Amino acid sequence: MIHLLGIEVAADVLADLAAELAPVFRMACQVRPERLDVAFAHDRMRNQHHSTAILQAMQPLAESGARLLAVTSVDLYVPVLTFVFGEAQLTGSCAVVSLHRLREEFYGLPAREELMRERLVKEAVHELGHTFGLRHCDDWRCVMTSSHGVERLDVKGAGFCVLCGRAVTGARARAAAMV
């Protein structure tokens with residue numbers, strides 16, 4: 001099961017994302033009604049939110065055996081990078097992605113809702129892939145390749161390469177066997 005948690009994000013964006021994620025992971029995906037206040041993670045000097053702190057706050061909300069993906073509109077960072085599109089717990093249960101830099105408006109361009117949603121799906125699949133134990137992939141077409149800019153995000157595919165797809169299938173099977 002994958003649960004989505006919105007942080008200042010429209011309900012239709014979450015519902016559409018849930019519909020996109022379910023077939024990719026072959027798991028039920030639903031939007032949870034509660035919201036998470038992330039003001040505690042705001043860094044005034046950077047005017048960004050610390051994604052690792054958000055992940056830690058999400059942990060008590062995660063249900064056993066399920067993944068919890070938070071989708072936010074705030075700008076995210078980790079101390080060693082200028083920004084991140086998202087972050088996840090490797091082999092953990094929580095991940096967070098941000099719409100902030102996925103929107104064309106951030107770059108001074110006209111809004112392109114369809115492109116933002118396409119980028120969101122790629123980033124959500126990527127971060128959830130980390131929760132299934134996947135690391136960054138060398139195949140530039142695979143959704144698990146690293147993306148340090150929207151240009152790279154736009155070039156890569158929305159799906160897993162064969163090797164990463166097998167790894168997710170294996171991780172799902174191992175998790176199901178433990179239940």
# chains A, B, ... in the order shown; residues from 1 in each chain; ligands from 1
call {"tool": "residues_around", "arguments": {"residues": "A:Glu127", "least_positions_apart": "6", "cutoff": "8 Å", "atoms": "only C-alpha atoms", "output": "VMD selection string"}}
result
chain A and resid 86 to 88 95 to 97
call {"tool": "write_last_selection", "arguments": {"atoms": "C-alpha atoms", "output": "short mmCIF file (atom, residue, chain, number, x, y, z; two decimals), in the first residue's frame"}}
result
data_model
loop_
_atom_site.label_atom_id
_atom_site.label_comp_id
_atom_site.auth_asym_id
_atom_site.auth_seq_id
_atom_site.Cartn_x
_atom_site.Cartn_y
_atom_site.Cartn_z
CA GLY A 86 12.77 15.00 -3.09
CA GLU A 87 14.29 12.66 -0.56
CA ALA A 88 13.53 9.16 0.67
CA ALA A 95 9.59 9.76 1.00
CA VAL A 96 8.88 13.40 0.22
CA VAL A 97 8.78 15.26 -3.11
#
call {"tool": "residues_around", "arguments": {"residues": "A:His49", "least_positions_apart": "2", "cutoff": "10 Å", "atoms": "only C-alpha atoms", "output": "ChimeraX atom specification"}}
result
/A:38-44,46-47,51-54,74-78,83
call {"tool": "residues_around", "arguments": {"residues": "A:Leu128", "least_positions_apart": "2", "cutoff": "9 Å", "atoms": "only C-alpha atoms", "output": "list in words"}}
result
Arg67, Leu68, Leu69, Ala88, Gln89, Ser93, Cys94, Ala95, Val96, Glu123, Ala124, Val125, His126, His130, Thr131, Phe132 and Leu134 of chain A
call {"tool": "write_last_selection", "arguments": {"atoms": "C-alpha atoms", "output": "short mmCIF file (atom, residue, chain, number, x, y, z; two decimals), in the first residue's frame"}}
result
data_model
loop_
_atom_site.label_atom_id
_atom_site.label_comp_id
_atom_site.auth_asym_id
_atom_site.auth_seq_id
_atom_site.Cartn_x
_atom_site.Cartn_y
_atom_site.Cartn_z
CA ARG A 67 4.95 3.48 2.00
CA LEU A 68 4.13 7.09 2.87
CA LEU A 69 4.84 9.73 0.23
CA ALA A 88 13.53 9.16 0.67
CA GLN A 89 14.58 6.71 3.33
CA SER A 93 8.84 3.67 4.51
CA CYS A 94 8.84 7.44 3.90
CA ALA A 95 9.59 9.76 1.00
CA VAL A 96 8.88 13.40 0.22
CA GLU A 123 10.09 12.23 -9.05
CA ALA A 124 7.52 10.32 -6.97
CA VAL A 125 8.40 7.01 -8.66
CA HIS A 126 12.10 7.79 -8.18
CA HIS A 130 14.57 4.36 -2.99
CA THR A 131 12.15 3.08 -0.33
CA PHE A 132 12.24 -0.27 -2.14
CA LEU A 134 16.98 1.08 -5.24
#
call {"tool": "atom_distance", "arguments": {"atom1": "atom CA of A:Val143", "atom2": "atom CA of A:Val24"}}
result
11.4 Å
call {"tool": "select_by_dssp", "arguments": {"residues": "chain A", "states": "helix (DSSP H, G or I)", "output": "JSON, numbers by chain"}}
result
{"A": [11, 12, 13, 14, 15, 16, 17, 18, 19, 20, 21, 22, 23, 24, 25, 39, 40, 41, 51, 52, 53, 54, 55, 56, 57, 58, 59, 60, 61, 104, 105, 106, 107, 113, 114, 115, 116, 117, 118, 119, 120, 121, 122, 123, 124, 125, 126, 127, 128, 129, 130, 131, 150, 151, 152, 153, 154, 155, 162, 163, 164, 165, 166, 167, 168, 169, 170, 171, 172, 173, 174, 175, 176, 177, 178]}
call {"tool": "select_by_dssp", "arguments": {"residues": "stretch 12-88 of chain A", "states": "strand (DSSP E or B)", "output": "list in words"}}
result
Cys29, Gln30, Val31, His42, Asp43, Gln48, His49, His50, Arg67, Leu68, Leu69, Ala70, Val71, Thr72, Leu76, Tyr77, Val84, Gly86, Glu87 and Ala88 of chain A
call {"tool": "write_last_selection", "arguments": {"atoms": "C-alpha atoms", "output": "PDB file, in the first residue's frame"}}
result
ATOM      1  CA  CYS A  29      -2.423   3.875  -3.617  1.00  0.00           C
ATOM      2  CA  GLN A  30      -4.654   6.243  -1.701  1.00  0.00           C
ATOM      3  CA  VAL A  31      -4.597   9.815  -0.495  1.00  0.00           C
ATOM      4  CA  HIS A  42      11.882  25.883   7.581  1.00  0.00           C
ATOM      5  CA  ASP A  43      15.346  27.416   7.472  1.00  0.00           C
ATOM      6  CA  GLN A  48      13.780  26.365   2.253  1.00  0.00           C
ATOM      7  CA  HIS A  49      12.570  23.359   4.213  1.00  0.00           C
ATOM      8  CA  HIS A  50      14.918  20.617   5.403  1.00  0.00           C
ATOM      9  CA  ARG A  67       4.955   3.476   2.004  1.00  0.00           C
ATOM     10  CA  LEU A  68       4.126   7.093   2.869  1.00  0.00           C
ATOM     11  CA  LEU A  69       4.841   9.733   0.228  1.00  0.00           C
ATOM     12  CA  ALA A  70       4.422  13.393   1.130  1.00  0.00           C
ATOM     13  CA  VAL A  71       3.917  15.845  -1.722  1.00  0.00           C
ATOM     14  CA  THR A  72       4.593  19.482  -0.929  1.00  0.00           C
ATOM     15  CA  LEU A  76      13.342  21.408  -0.137  1.00  0.00           C
ATOM     16  CA  TYR A  77      17.023  21.083   0.685  1.00  0.00           C
ATOM     17  CA  VAL A  84      16.489  18.587  -3.765  1.00  0.00           C
ATOM     18  CA  GLY A  86      12.768  15.001  -3.090  1.00  0.00           C
ATOM     19  CA  GLU A  87      14.290  12.663  -0.558  1.00  0.00           C
ATOM     20  CA  ALA A  88      13.531   9.159   0.673  1.00  0.00           C
TER      21      ALA A  88
END
call {"tool": "residues_around", "arguments": {"residues": "stretch 106-114 of chain A", "least_positions_apart": "4", "cutoff": "12 Å", "atoms": "only C-alpha atoms", "output": "list of chain:residue names"}}
result
A:Val13, A:Asp16, A:Ser73, A:Val74, A:Asp75, A:Leu99, A:His100, A:Arg101, A:Leu102, A:Glu118, A:Arg119, A:Leu120, A:Val121, A:Gly149, A:Val150, A:Glu151
call {"tool": "write_last_selection", "arguments": {"atoms": "N, CA and C atoms", "output": "PDB file, in the first residue's frame"}}
result
ATOM      1  N   VAL A  13      -4.275  17.052  -7.642  1.00  0.00           N
ATOM      2  CA  VAL A  13      -2.896  16.670  -7.967  1.00  0.00           C
ATOM      3  C   VAL A  13      -2.563  15.358  -7.259  1.00  0.00           C
ATOM      4  N   ASP A  16      -4.628  12.393  -8.860  1.00  0.00           N
ATOM      5  CA  ASP A  16      -4.060  11.995 -10.150  1.00  0.00           C
ATOM      6  C   ASP A  16      -2.743  11.243  -9.963  1.00  0.00           C
ATOM      7  N   SER A  73       4.492  21.742  -1.720  1.00  0.00           N
ATOM      8  CA  SER A  73       4.809  22.837  -2.631  1.00  0.00           C
ATOM      9  C   SER A  73       5.999  23.656  -2.128  1.00  0.00           C
ATOM     10  N   VAL A  74       6.499  23.346  -0.934  1.00  0.00           N
ATOM     11  CA  VAL A  74       7.628  24.101  -0.394  1.00  0.00           C
ATOM     12  C   VAL A  74       8.937  23.642  -1.034  1.00  0.00           C
ATOM     13  N   ASP A  75       9.916  24.530  -1.051  1.00  0.00           N
ATOM     14  CA  ASP A  75      11.233  24.238  -1.593  1.00  0.00           C
ATOM     15  C   ASP A  75      12.014  23.409  -0.573  1.00  0.00           C
ATOM     16  N   LEU A  99       6.916  20.074  -5.369  1.00  0.00           N
ATOM     17  CA  LEU A  99       6.493  20.642  -6.653  1.00  0.00           C
ATOM     18  C   LEU A  99       7.234  21.946  -6.965  1.00  0.00           C
ATOM     19  N   HIS A 100       7.856  22.527  -5.973  1.00  0.00           N
ATOM     20  CA  HIS A 100       8.400  23.885  -6.089  1.00  0.00           C
ATOM     21  C   HIS A 100       9.257  24.100  -7.336  1.00  0.00           C
ATOM     22  N   ARG A 101      10.232  23.254  -7.561  1.00  0.00           N
ATOM     23  CA  ARG A 101      11.132  23.404  -8.708  1.00  0.00           C
ATOM     24  C   ARG A 101      10.706  22.563  -9.904  1.00  0.00           C
ATOM     25  N   LEU A 102       9.581  21.880  -9.778  1.00  0.00           N
ATOM     26  CA  LEU A 102       9.039  21.126 -10.912  1.00  0.00           C
ATOM     27  C   LEU A 102       8.142  22.007 -11.772  1.00  0.00           C
ATOM     28  N   GLU A 118       3.870  15.564 -15.094  1.00  0.00           N
ATOM     29  CA  GLU A 118       4.769  14.529 -15.619  1.00  0.00           C
ATOM     30  C   GLU A 118       6.037  14.457 -14.774  1.00  0.00           C
ATOM     31  N   ARG A 119       6.579  15.610 -14.439  1.00  0.00           N
ATOM     32  CA  ARG A 119       7.770  15.653 -13.593  1.00  0.00           C
ATOM     33  C   ARG A 119       7.474  15.091 -12.206  1.00  0.00           C
ATOM     34  N   LEU A 120       6.300  15.401 -11.672  1.00  0.00           N
ATOM     35  CA  LEU A 120       5.914  14.906 -10.357  1.00  0.00           C
ATOM     36  C   LEU A 120       5.856  13.384 -10.335  1.00  0.00           C
ATOM     37  N   VAL A 121       5.277  12.794 -11.355  1.00  0.00           N
ATOM     38  CA  VAL A 121       5.198  11.330 -11.415  1.00  0.00           C
ATOM     39  C   VAL A 121       6.604  10.744 -11.418  1.00  0.00           C
ATOM     40  N   GLY A 149      18.723  18.571 -12.053  1.00  0.00           N
ATOM     41  CA  GLY A 149      18.086  19.708 -12.717  1.00  0.00           C
ATOM     42  C   GLY A 149      16.887  19.205 -13.497  1.00  0.00           C
ATOM     43  N   VAL A 150      15.948  20.093 -13.789  1.00  0.00           N
ATOM     44  CA  VAL A 150      14.743  19.660 -14.500  1.00  0.00           C
ATOM     45  C   VAL A 150      15.054  19.166 -15.904  1.00  0.00           C
ATOM     46  N   GLU A 151      16.148  19.637 -16.485  1.00  0.00           N
ATOM     47  CA  GLU A 151      16.510  19.166 -17.822  1.00  0.00           C
ATOM     48  C   GLU A 151      16.760  17.659 -17.807  1.00  0.00           C
TER      49      GLU A 151
END
call {"tool": "atom_distance", "arguments": {"atom1": "atom CA of A:Ala28", "atom2": "atom CA of A:Asp138"}}
result
28.9 Å
